[in-house]
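**Student:** A single structure is presented below for examination.
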2 protein chains.
Amino acid sequence: MTPLRFGVNYTPSDRWFYSWHDVDWRSTERDLAAVAGLGMDHVRIFPLWPVLQPNRTYIDPSALADVRRTVDIAANQGLEVYVDVLQGHLSSFDFVPSWLASWHQGNMFTDPAAVQAQADLVSAVHAVLADQPAYRGLTLGNEVNQFSGDPHPSPMRVTPEDVDVWLDRLLRAVPAEPGRLRLHSEYDAVWYLDGHPFLPRHASRQGDVTAVHSWIFNGTAQRYGADSPHSHRHAEYLIELSRAFATDPERAVWLQEIGAPGNVLSAEQAVPFARAAVRNAADSQALWGVTWWCSHDVDPALGDFPPFEHALGLFDQTGRVKPLGRAFAEVADELRTVPVAPPRTAAIVIPVDGRDTPVSRAALGPGGSVFEEWVRLAEEGQRPTMVTSTVANDDLELGRRGITTLHRVGQHASTAYTSISDDALVPAAEAASR
Amino acid sequence: MTPLRFGVNYTPSDRWFYSWHDVDWRSTERDLAAVAGLGMDHVRIFPLWPVLQPNRTYIDPSALADVRRTVDIAANQGLEVYVDVLQGHLSSFDFVPSWLASWHQGNMFTDPAAVQAQADLVSAVHAVLADQPAYRGLTLGNEVNQFSGDPHPSPMRVTPEDVDVWLDRLLRAVPAEPGRLRLHSEYDAVWYLDGHPFLPRHASRQGDVTAVHSWIFNGTAQRYGADSPHSHRHAEYLIELSRAFATDPERAVWLQEIGAPGNVLSAEQAVPFARAAVRNAADSQALWGVTWWCSHDVDPALGDFPPFEHALGLFDQTGRVKPLGRAFAEVADELRTVPVAPPRTAAIVIPVDGRDTPVSRAALGPGGSVFEEWVRLAEEGQRPTMVTSTVANDDLELGRRGITTLHRVGQHASTAYTSISDDALVPAAEAASR
């Protein structure tokens with residue numbers, strides 16, 4: 001059995017992702033040496049889409065070379081590297097190339113020429129890294145489901161069927177290779193927002209693993225408290241929730257983003273939250289690994305970030321390990337050697353339609369009846385997972401999943417889920433003016 | 001007396017403005033040597049705003065250094081250099097930094113923090129060039145009035161009073177220095193589009209000279225023909241039109257952009273158009289100089305440009321002078337040595353309100369009664385200029401301007417003016433789908 005992976009989402013200490021314009025390689029070396037020194041085994045990296053592909057038909061070779069050099073530096077530190085391609089969205093900022101904006105406004109998910117361009121870019125990023133063994137996976141992009149509908153201010157409308165096609169097309173642009181993952185990532189609207197065109201089945205069935213991003217500023221911490229079991233178990237819950245929609249009961253789940261946001265956690269709460277959330281997540285047999293958001297604090301001199309983004313790092317801006325960094329490293333050390341969690345046998349049933357879309361995604365989110373009942377059972381020590389109503393009616397499938405107890409709950413939603421448009425993700429000045 | 005200046009808007013042959021990410025300096029040297037070799041005396045250059053200032057509070061020193069190096073290379077070729085700062089808009093593409101987009105959607109003209117950031121950037125660009133004698137002027141940005149209202153797809157709403165303040169604030173960010181110009185530039189909605197918040201008085205009174213951009217795809221060529229006097233005199237007309245709104249009768253006018261767009265001109269019509277349009281423009285005593293759009297054809301491998309943008313260069317993509325380039329160089333040689341044009345004594349009266357805003361800007365544009373009457377008088381050899389109705393009622397001011405004959409015309413508009421949203425400036429594929 002492969003031990004759990006522990007790594008970081010790499011936010012360069014020097015000028016954040018703006019540094020892609022003109023990378024200070026000594027800074028990259030220092031940053032990644034520090035990450036390796038903390039005992040991390042991997043990093044996830046984020047080139048900027050407009051830098052990689054400023055024109056629909058032009059991919060910048062020097063930008064590709066910068067990605068490669070970053071991966072090589074990480075490799076020299078013994079780190080594995082996972083690259084995201086379409087950024088896209090990062091920490092409240094959208095980086096959309098000019099060929100998809102204003103007079104050239106287009107739909108990245110459905111315009112054939114735009115999709116071809118993205119497939120070309122995904123292929124090109126893979127190709128420039130392919131002979132580097134430390135390169136271990138490619139994520140299509142960071143949470144680009146944000147661009148697909150409400151509450152994005154300029155949504156690119158797309159149907160779930162369009163998403164099927166888009167994901168397949170882009171994932172196929174990368175050849176299947178042993179030991180390398182091809183995947184995609186979404187923010188949690190995919191699980192909690194009714195009407196959102198990215199669906200649980202996309203997350204749990206397309207690509208080689210499921211990626212989940214756990215952010216408790218989504219209403220969880222606000223409603224239940226930062227120290228609540230709901231907050232401490234949110235990542236664990238997402239992992240189990242995603243398994244309900246997987247057709248492969250063995251499918252791995254990557255907790256690709258989790259962080260301790262200061263808008264809902266006090267400084268004192270961050271370390272206990274990190275320890276508890278990661279330990280709880282590791283109590284899922286499906287967990288592939290945990291990638292903390294993020295490596296380095298964002299320079300306070302950079303403007304317009306949501307304030308808490310400046311303090312999410314395991315390292316401060318000067319490269320010093322923060323207490324949070326030590327805590328994450330310690331819990332990583334502890335969990336790398338524990339056996340895989342035993343299977344879960346109790347499951348809450350999630351009512352779904354004929355395409356396995358939840359009848360109420362709001363019931364799954366913070367404030368929703370499924371989430372609350374799941375946390376209640378978890379706190380009772382029942383180690384609940386979830387299954388869809390389709391699976392619940394299929395004894396063979398229940399057997400395959402090892403489920404022996406089913407719990408049915410009403411589908412009560414609440415308005416607790418705040419999605420991405422909440423003031424958690426807009427600058428304080430804007431939030432204050434609302 | 002200073003001879004007329006002739007130069008080019010510098011479009012790098014290598015990867016257009018996308019090259020700012022990673023400039024090939026030998027290519028810049030070749031391009032600018034060719035421009036100088038054609039007898040040009042200046043270039044206008046266009047860094048990209050998101051490259052210069054990726055974050056509201058961060059100006060990239062390496063991007064500033066690239067601007068400086070470009071200016072130094074031009075200087076070594078004996079060229080004077082004028083730099084535009086806020087791009088902004090270039091050849092149908094908008095480059096808006098992420099801190100003004102989507103979740104951070106803001107108004108560049110009125111948000112205090114955004115205006116401060118622009119003033120900082122303008123200052124920084126000036127500062128990095130200040131000790132280079134070849135640096136001879138700074139334009140705030142290229143046609144950013146496009147972002148200010150209809151028909152822009154995501155207009156940043158602004159009033160004429162806001163524009164006053166914005167222009168003053170940004171122009172003041174550059175110190176007044178002898179031999180250096182501080183100015184701003186607009187596309188022709190400022191003259192022809194009723195309701196547009198940038199007004200003739202902004203163009204003709206703020207900054208050290210008036211900049212006019214003459215593009216006959218604005219309805220002129222479509223309505224009257226590419227060989228018509230209307231097309232051949234459009235630039236001359238704009239120069240004289242701008243003078244009507246100047247409070248200083250001696251104010252110079254820079255024909256900062258003029259080109260021969262292939263969507264309305266055949267290959268055979270381009271050279272005669274260039275000769276005639278430039279000669280006619282030089283028949284204005286106010287003309288400061290002419291800057292052709294553009295230096296180099298845009299690589300056909302780059303996608304989504306309006307098709308004619310690939311062929312506007314005086315040089316082809318490999319650096320060979322095109323017949324158009326030779327023609328412009330010849331007419332430049334011819335006009336550098338002719339005396340300043342004599343004053344104009346006949347004027348058409350433009351009815352204006354109490355703030356000197358035209359009662360009908362549509363009457364001034366292609367298809368409008370003022371434009372048509374002005375061309376008719378010009379073709380009769382009367383060398384007409386224009387005055388506002390305010391000036392027409394002020395004998396002292398008429399005398400100061402040397403006007404002895406007034407013509408009054410009805411204010412009839414037409415729908416000929418097509419502004420920037422016309423299919424001239426969208427890709428053929430999009431235009432076809434309309």
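FYI, nothing fancy with the structure tokens labels: chains A, B, ... in order, residues from 1 per chain, ligands from 1 as they appear.
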Report the residues of stretch 3-186 of chain B whose backbone DSSP state falls under strand (DSSP E or B), written as JSON, numbers by chain.
**Tutor:** {"B": [5, 6, 7, 8, 9, 42, 43, 44, 45, 55, 58, 80, 81, 82, 83, 84, 85, 86, 89, 90, 93, 94, 135, 136, 137, 138, 139, 140, 141, 181, 182, 183]}
**Student:** Could you dump the residues just selected with C-alpha atoms as a tab-separated table (two decimals), in the first residue's frame?
**Tutor:**
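Ended up saving to out.tsv:
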```tsv
chain	number	residue	atom	x	y	z
B	5	ARG	CA	7.22	64.43	-37.84
B	6	PHE	CA	6.63	61.10	-39.50
B	7	GLY	CA	6.74	57.83	-37.65
B	8	VAL	CA	5.06	54.53	-36.96
B	9	ASN	CA	3.07	52.80	-34.32
B	42	HIS	CA	9.78	58.42	-34.27
B	43	VAL	CA	7.93	55.39	-32.97
B	44	ARG	CA	5.00	55.06	-30.62
B	45	ILE	CA	5.28	52.00	-28.36
B	55	ASN	CA	-1.55	43.87	-9.21
B	58	TYR	CA	2.61	46.20	-7.78
B	80	GLU	CA	12.38	59.52	-30.94
B	81	VAL	CA	9.99	57.52	-28.81
B	82	TYR	CA	6.50	58.13	-27.51
B	83	VAL	CA	5.15	55.64	-25.03
B	84	ASP	CA	1.53	54.74	-24.33
B	85	VAL	CA	0.91	53.41	-20.86
B	86	LEU	CA	-2.58	51.96	-20.35
B	89	HIS	CA	-7.14	48.23	-26.06
B	90	LEU	CA	-5.09	47.09	-29.04
B	93	PHE	CA	-8.07	42.88	-27.89
B	94	ASP	CA	-8.55	44.28	-24.40
B	135	TYR	CA	11.91	59.68	-24.88
B	136	ARG	CA	9.76	62.52	-26.10
B	137	GLY	CA	6.27	61.96	-24.87
B	138	LEU	CA	3.80	59.91	-22.91
B	139	THR	CA	0.24	59.12	-23.96
B	140	LEU	CA	-1.91	57.92	-21.08
B	141	GLY	CA	-3.10	54.94	-23.06
B	181	LEU	CA	4.56	65.84	-24.54
B	182	ARG	CA	1.94	64.60	-22.12
B	183	LEU	CA	-1.24	63.62	-23.87
```
**Student:** In stretch 176-371 of chain B, what's helix (DSSP H, G or I) per DSSP? Answer as a PyMOL selection string?
**Tutor:** chain B and resi 189-192+200-205+216-218+220-224+229-232+234-245+267-282+307-311+323-336+362-364+369-371
**Student:** May I have the selected residues written with C-alpha atoms, as a PDB file, in the first residue's frame?
**Tutor:**
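As a result, selection_14.pdb now contains:
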```
ATOM      1  CA  ALA B 189     -16.480  58.154 -30.673  1.00  0.00           C
ATOM      2  CA  VAL B 190     -15.207  61.268 -28.919  1.00  0.00           C
ATOM      3  CA  TRP B 191     -16.129  63.212 -32.072  1.00  0.00           C
ATOM      4  CA  TYR B 192     -19.009  61.250 -33.549  1.00  0.00           C
ATOM      5  CA  PRO B 200     -14.286  66.998 -27.965  1.00  0.00           C
ATOM      6  CA  ARG B 201     -13.289  69.480 -25.291  1.00  0.00           C
ATOM      7  CA  HIS B 202     -11.362  66.742 -23.484  1.00  0.00           C
ATOM      8  CA  ALA B 203      -9.481  65.876 -26.646  1.00  0.00           C
ATOM      9  CA  SER B 204      -8.774  69.453 -27.644  1.00  0.00           C
ATOM     10  CA  ARG B 205      -7.991  71.065 -24.307  1.00  0.00           C
ATOM     11  CA  ILE B 216     -12.027  55.121 -42.479  1.00  0.00           C
ATOM     12  CA  PHE B 217     -13.706  51.832 -41.590  1.00  0.00           C
ATOM     13  CA  ASN B 218     -15.835  53.993 -39.308  1.00  0.00           C
ATOM     14  CA  THR B 220     -16.644  56.730 -44.208  1.00  0.00           C
ATOM     15  CA  ALA B 221     -15.242  54.248 -46.711  1.00  0.00           C
ATOM     16  CA  GLN B 222     -18.356  52.123 -46.599  1.00  0.00           C
ATOM     17  CA  ARG B 223     -20.618  55.076 -47.400  1.00  0.00           C
ATOM     18  CA  TYR B 224     -18.562  57.157 -49.789  1.00  0.00           C
ATOM     19  CA  PRO B 229     -12.701  62.670 -51.110  1.00  0.00           C
ATOM     20  CA  HIS B 230     -14.451  61.815 -47.854  1.00  0.00           C
ATOM     21  CA  SER B 231     -12.029  58.949 -47.254  1.00  0.00           C
ATOM     22  CA  HIS B 232      -8.982  60.814 -48.497  1.00  0.00           C
ATOM     23  CA  HIS B 234     -11.079  62.124 -43.232  1.00  0.00           C
ATOM     24  CA  ALA B 235      -7.854  62.668 -41.311  1.00  0.00           C
ATOM     25  CA  GLU B 236      -7.637  66.289 -42.431  1.00  0.00           C
ATOM     26  CA  TYR B 237     -11.238  66.742 -41.331  1.00  0.00           C
ATOM     27  CA  LEU B 238     -10.556  65.302 -37.885  1.00  0.00           C
ATOM     28  CA  ILE B 239      -7.624  67.638 -37.428  1.00  0.00           C
ATOM     29  CA  GLU B 240      -9.713  70.680 -38.311  1.00  0.00           C
ATOM     30  CA  LEU B 241     -12.665  69.412 -36.314  1.00  0.00           C
ATOM     31  CA  SER B 242     -10.509  69.098 -33.220  1.00  0.00           C
ATOM     32  CA  ARG B 243      -9.321  72.683 -33.687  1.00  0.00           C
ATOM     33  CA  ALA B 244     -12.887  73.939 -33.348  1.00  0.00           C
ATOM     34  CA  PHE B 245     -12.844  72.798 -29.729  1.00  0.00           C
ATOM     35  CA  ALA B 267      -4.666  46.434 -52.236  1.00  0.00           C
ATOM     36  CA  GLU B 268      -4.514  48.893 -55.164  1.00  0.00           C
ATOM     37  CA  GLN B 269      -6.277  51.628 -53.210  1.00  0.00           C
ATOM     38  CA  ALA B 270      -3.966  51.545 -50.192  1.00  0.00           C
ATOM     39  CA  VAL B 271      -1.025  53.495 -51.638  1.00  0.00           C
ATOM     40  CA  PRO B 272      -3.106  56.245 -53.281  1.00  0.00           C
ATOM     41  CA  PHE B 273      -5.093  56.518 -50.058  1.00  0.00           C
ATOM     42  CA  ALA B 274      -1.968  56.894 -47.965  1.00  0.00           C
ATOM     43  CA  ARG B 275      -0.469  59.558 -50.230  1.00  0.00           C
ATOM     44  CA  ALA B 276      -3.666  61.563 -50.477  1.00  0.00           C
ATOM     45  CA  ALA B 277      -4.659  61.267 -46.822  1.00  0.00           C
ATOM     46  CA  VAL B 278      -1.248  62.326 -45.540  1.00  0.00           C
ATOM     47  CA  ARG B 279      -0.917  65.210 -48.023  1.00  0.00           C
ATOM     48  CA  ASN B 280      -4.386  66.442 -47.122  1.00  0.00           C
ATOM     49  CA  ALA B 281      -3.606  66.215 -43.411  1.00  0.00           C
ATOM     50  CA  ALA B 282      -0.452  68.247 -43.978  1.00  0.00           C
ATOM     51  CA  PRO B 307      -8.360  39.911 -40.746  1.00  0.00           C
ATOM     52  CA  PHE B 308      -7.180  43.293 -42.000  1.00  0.00           C
ATOM     53  CA  GLU B 309      -4.980  43.748 -38.907  1.00  0.00           C
ATOM     54  CA  HIS B 310      -2.575  41.228 -40.399  1.00  0.00           C
ATOM     55  CA  ALA B 311      -1.844  43.540 -43.351  1.00  0.00           C
ATOM     56  CA  PRO B 323       4.798  49.337 -51.375  1.00  0.00           C
ATOM     57  CA  LEU B 324       2.723  51.096 -48.733  1.00  0.00           C
ATOM     58  CA  GLY B 325       5.861  51.606 -46.666  1.00  0.00           C
ATOM     59  CA  ARG B 326       7.753  53.117 -49.566  1.00  0.00           C
ATOM     60  CA  ALA B 327       4.806  55.388 -50.368  1.00  0.00           C
ATOM     61  CA  PHE B 328       4.534  56.632 -46.789  1.00  0.00           C
ATOM     62  CA  ALA B 329       8.285  57.216 -46.633  1.00  0.00           C
ATOM     63  CA  GLU B 330       8.184  59.157 -49.895  1.00  0.00           C
ATOM     64  CA  VAL B 331       5.296  61.352 -48.861  1.00  0.00           C
ATOM     65  CA  ALA B 332       7.056  61.934 -45.528  1.00  0.00           C
ATOM     66  CA  ASP B 333      10.207  63.064 -47.342  1.00  0.00           C
ATOM     67  CA  GLU B 334       8.140  65.317 -49.549  1.00  0.00           C
ATOM     68  CA  LEU B 335       6.220  66.936 -46.719  1.00  0.00           C
ATOM     69  CA  ARG B 336       9.065  67.448 -44.270  1.00  0.00           C
ATOM     70  CA  ALA B 362     -23.769  62.380 -35.261  1.00  0.00           C
ATOM     71  CA  ALA B 363     -23.909  65.403 -37.594  1.00  0.00           C
ATOM     72  CA  LEU B 364     -20.116  65.561 -37.399  1.00  0.00           C
ATOM     73  CA  SER B 369     -24.391  67.093 -42.497  1.00  0.00           C
ATOM     74  CA  VAL B 370     -21.335  68.865 -41.100  1.00  0.00           C
ATOM     75  CA  PHE B 371     -18.920  66.278 -42.433  1.00  0.00           C
TER      76      PHE B 371
END
```
**Student:** When distances are computed from only C-alpha atoms, which of A:Phe198, A:Trp293, A:Trp166, A:Phe305 shows the smallest separation from chain B?
**Tutor:**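 Result for the nearest residue to chain B: A:Phe305.
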**Student:** Pull the closest atom pair for each residue of chain B that gets at most 6 Å from chain A, along with the distance in Å to one decimal, counting only C-alpha atoms, ordering rows by chain and then ascending residue number, as JSON lines.
**Tutor:**
```
{"residue": "B:Arg56", "atom": "CA", "partner": "A:Gly303", "partner_atom": "CA", "distance": 5.8}
{"residue": "B:Thr57", "atom": "CA", "partner": "A:Gly303", "partner_atom": "CA", "distance": 5.4}
{"residue": "B:Phe93", "atom": "CA", "partner": "A:Ser98", "partner_atom": "CA", "distance": 5.9}
{"residue": "B:Asp94", "atom": "CA", "partner": "A:Ser98", "partner_atom": "CA", "distance": 5.8}
{"residue": "B:Phe95", "atom": "CA", "partner": "A:Ser98", "partner_atom": "CA", "distance": 5.9}
{"residue": "B:Ser98", "atom": "CA", "partner": "A:Asp94", "partner_atom": "CA", "distance": 5.8}
{"residue": "B:Ser102", "atom": "CA", "partner": "A:Pro153", "partner_atom": "CA", "distance": 5.7}
{"residue": "B:Pro153", "atom": "CA", "partner": "A:Ser102", "partner_atom": "CA", "distance": 5.7}
{"residue": "B:Leu302", "atom": "CA", "partner": "A:Thr57", "partner_atom": "CA", "distance": 5.6}
{"residue": "B:Gly303", "atom": "CA", "partner": "A:Thr57", "partner_atom": "CA", "distance": 5.4}
```
**Student:** Skip stretch 351-361 of chain B itself and residues of its chain fewer than 4 positions away, then list as a list in words all residues within 6 Å of it, counting only C-alpha atoms.
**Tutor:**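 Final neighbour list, sorted by chain and number: Tyr192, Leu193, Asp194, Thr388 and Ser389 of chain B.
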**Student:** Using atom CA of A:Ala260 and atom CA of A:Asp227 as the two end points, give the distance in Å to one decimal.
**Tutor:**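 Value for the atom CA of A:Ala260-atom CA of A:Asp227 distance: 11.6 Å.
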**Student:** Can you pull out the residues contacting B:Arg169? Cut-off 9 Å, using only C-alpha atoms, and skip same-chain residues under 3 positions away; I want them as number ranges by chain.
**Tutor:** B: 115-116, 119, 164-166, 172-173
**Student:** The selected residues should be written to file as a PDB file, in the first residue's frame (atoms: all heavy atoms).
**Tutor:**
```pdb
ATOM      1  N   VAL B 115      -7.607  54.698  -9.809  1.00  0.00           N
ATOM      2  CA  VAL B 115      -7.028  55.902 -10.424  1.00  0.00           C
ATOM      3  C   VAL B 115      -5.647  56.179  -9.831  1.00  0.00           C
ATOM      4  O   VAL B 115      -4.693  56.512 -10.548  1.00  0.00           O
ATOM      5  CB  VAL B 115      -7.978  57.114 -10.267  1.00  0.00           C
ATOM      6  CG1 VAL B 115      -7.329  58.382 -10.816  1.00  0.00           C
ATOM      7  CG2 VAL B 115      -9.309  56.838 -10.964  1.00  0.00           C
ATOM      8  N   GLN B 116      -5.542  56.001  -8.523  1.00  0.00           N
ATOM      9  CA  GLN B 116      -4.230  56.170  -7.884  1.00  0.00           C
ATOM     10  C   GLN B 116      -3.209  55.200  -8.493  1.00  0.00           C
ATOM     11  O   GLN B 116      -2.069  55.573  -8.780  1.00  0.00           O
ATOM     12  CB  GLN B 116      -4.350  55.912  -6.380  1.00  0.00           C
ATOM     13  CG  GLN B 116      -3.025  56.011  -5.626  1.00  0.00           C
ATOM     14  CD  GLN B 116      -2.454  57.419  -5.654  1.00  0.00           C
ATOM     15  OE1 GLN B 116      -3.149  58.368  -5.318  1.00  0.00           O
ATOM     16  NE2 GLN B 116      -1.206  57.569  -6.087  1.00  0.00           N
ATOM     17  N   ALA B 119      -2.137  56.441 -11.835  1.00  0.00           N
ATOM     18  CA  ALA B 119      -1.225  57.583 -11.696  1.00  0.00           C
ATOM     19  C   ALA B 119       0.162  57.092 -11.298  1.00  0.00           C
ATOM     20  O   ALA B 119       1.182  57.575 -11.817  1.00  0.00           O
ATOM     21  CB  ALA B 119      -1.779  58.574 -10.664  1.00  0.00           C
ATOM     22  N   ASP B 164     -12.929  64.621 -17.035  1.00  0.00           N
ATOM     23  CA  ASP B 164     -12.100  65.806 -16.732  1.00  0.00           C
ATOM     24  C   ASP B 164     -11.108  65.494 -15.621  1.00  0.00           C
ATOM     25  O   ASP B 164      -9.907  65.751 -15.726  1.00  0.00           O
ATOM     26  CB  ASP B 164     -12.977  66.959 -16.192  1.00  0.00           C
ATOM     27  CG  ASP B 164     -13.733  67.694 -17.274  1.00  0.00           C
ATOM     28  OD1 ASP B 164     -13.323  67.611 -18.448  1.00  0.00           O
ATOM     29  OD2 ASP B 164     -14.734  68.347 -16.920  1.00  0.00           O
ATOM     30  N   VAL B 165     -11.663  64.955 -14.536  1.00  0.00           N
ATOM     31  CA  VAL B 165     -10.864  64.716 -13.334  1.00  0.00           C
ATOM     32  C   VAL B 165      -9.825  63.632 -13.601  1.00  0.00           C
ATOM     33  O   VAL B 165      -8.650  63.763 -13.232  1.00  0.00           O
ATOM     34  CB  VAL B 165     -11.793  64.318 -12.155  1.00  0.00           C
ATOM     35  CG1 VAL B 165     -10.977  63.887 -10.947  1.00  0.00           C
ATOM     36  CG2 VAL B 165     -12.736  65.475 -11.820  1.00  0.00           C
ATOM     37  N   TRP B 166     -10.249  62.554 -14.257  1.00  0.00           N
ATOM     38  CA  TRP B 166      -9.348  61.429 -14.534  1.00  0.00           C
ATOM     39  C   TRP B 166      -8.176  61.897 -15.400  1.00  0.00           C
ATOM     40  O   TRP B 166      -7.012  61.594 -15.111  1.00  0.00           O
ATOM     41  CB  TRP B 166     -10.134  60.302 -15.218  1.00  0.00           C
ATOM     42  CG  TRP B 166      -9.330  59.098 -15.562  1.00  0.00           C
ATOM     43  CD1 TRP B 166      -8.940  58.106 -14.711  1.00  0.00           C
ATOM     44  CD2 TRP B 166      -8.818  58.753 -16.863  1.00  0.00           C
ATOM     45  NE1 TRP B 166      -8.222  57.153 -15.403  1.00  0.00           N
ATOM     46  CE2 TRP B 166      -8.128  57.515 -16.715  1.00  0.00           C
ATOM     47  CE3 TRP B 166      -8.884  59.343 -18.121  1.00  0.00           C
ATOM     48  CZ2 TRP B 166      -7.503  56.886 -17.791  1.00  0.00           C
ATOM     49  CZ3 TRP B 166      -8.265  58.717 -19.189  1.00  0.00           C
ATOM     50  CH2 TRP B 166      -7.582  57.498 -19.023  1.00  0.00           C
ATOM     51  N   ARG B 172      -1.237  65.014 -14.758  1.00  0.00           N
ATOM     52  CA  ARG B 172      -0.399  65.671 -13.747  1.00  0.00           C
ATOM     53  C   ARG B 172       0.610  64.720 -13.125  1.00  0.00           C
ATOM     54  O   ARG B 172       1.536  65.155 -12.426  1.00  0.00           O
ATOM     55  CB  ARG B 172      -1.280  66.251 -12.633  1.00  0.00           C
ATOM     56  CG  ARG B 172      -1.761  67.663 -12.891  1.00  0.00           C
ATOM     57  CD  ARG B 172      -2.077  68.381 -11.580  1.00  0.00           C
ATOM     58  NE  ARG B 172      -2.829  67.548 -10.664  1.00  0.00           N
ATOM     59  CZ  ARG B 172      -4.156  67.509 -10.574  1.00  0.00           C
ATOM     60  NH1 ARG B 172      -4.894  68.269 -11.367  1.00  0.00           N
ATOM     61  NH2 ARG B 172      -4.748  66.722  -9.712  1.00  0.00           N
ATOM     62  N   ALA B 173       0.414  63.407 -13.335  1.00  0.00           N
ATOM     63  CA  ALA B 173       1.372  62.440 -12.767  1.00  0.00           C
ATOM     64  C   ALA B 173       2.717  62.493 -13.486  1.00  0.00           C
ATOM     65  O   ALA B 173       3.687  61.893 -13.025  1.00  0.00           O
ATOM     66  CB  ALA B 173       0.798  61.030 -12.833  1.00  0.00           C
TER      67      ALA B 173
END
```
**Student:** Find the distance between atom CA of B:Thr70 and atom CA of B:Trp25 and write it in Å to one decimal.
**Tutor:**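 Atom CA of B:Thr70 sits 8.1 Å away from atom CA of B:Trp25.
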**Student:** Rank A:Val128, A:Met40, A:Ala114, A:Leu170 by their smallest atom-to-atom distance to A:Arg68, using only C-alpha atoms, and report the top residue only.
**Tutor:**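 When distances to A:Arg68 are compared using only C-alpha atoms, the smallest one comes from A:Val128.
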**Student:** Fewer than 5 positions away in the same chain doesn't count, so skip those; otherwise give me all residues within 10 Å of A:Thr2, counting only C-alpha atoms, as a list in words.
**Tutor:** Trp288, Arg336, Pro339 and Val340 of chain A
**Student:** Kindly give the distance, in Å, that separates atom CA of A:Thr345 and atom CA of A:Thr404, rounded to a single decimal.
**Tutor:**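 A separation of 5.3 Å between them.
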**Student:** Given only C-alpha atoms as the basis, pick out the residue of A:Asp168, A:Asp150, A:Glu143, A:Glu29 nearest to A:Ser214.
**Tutor:**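 With only C-alpha atoms as the atom set, the closest residue is A:Glu143.
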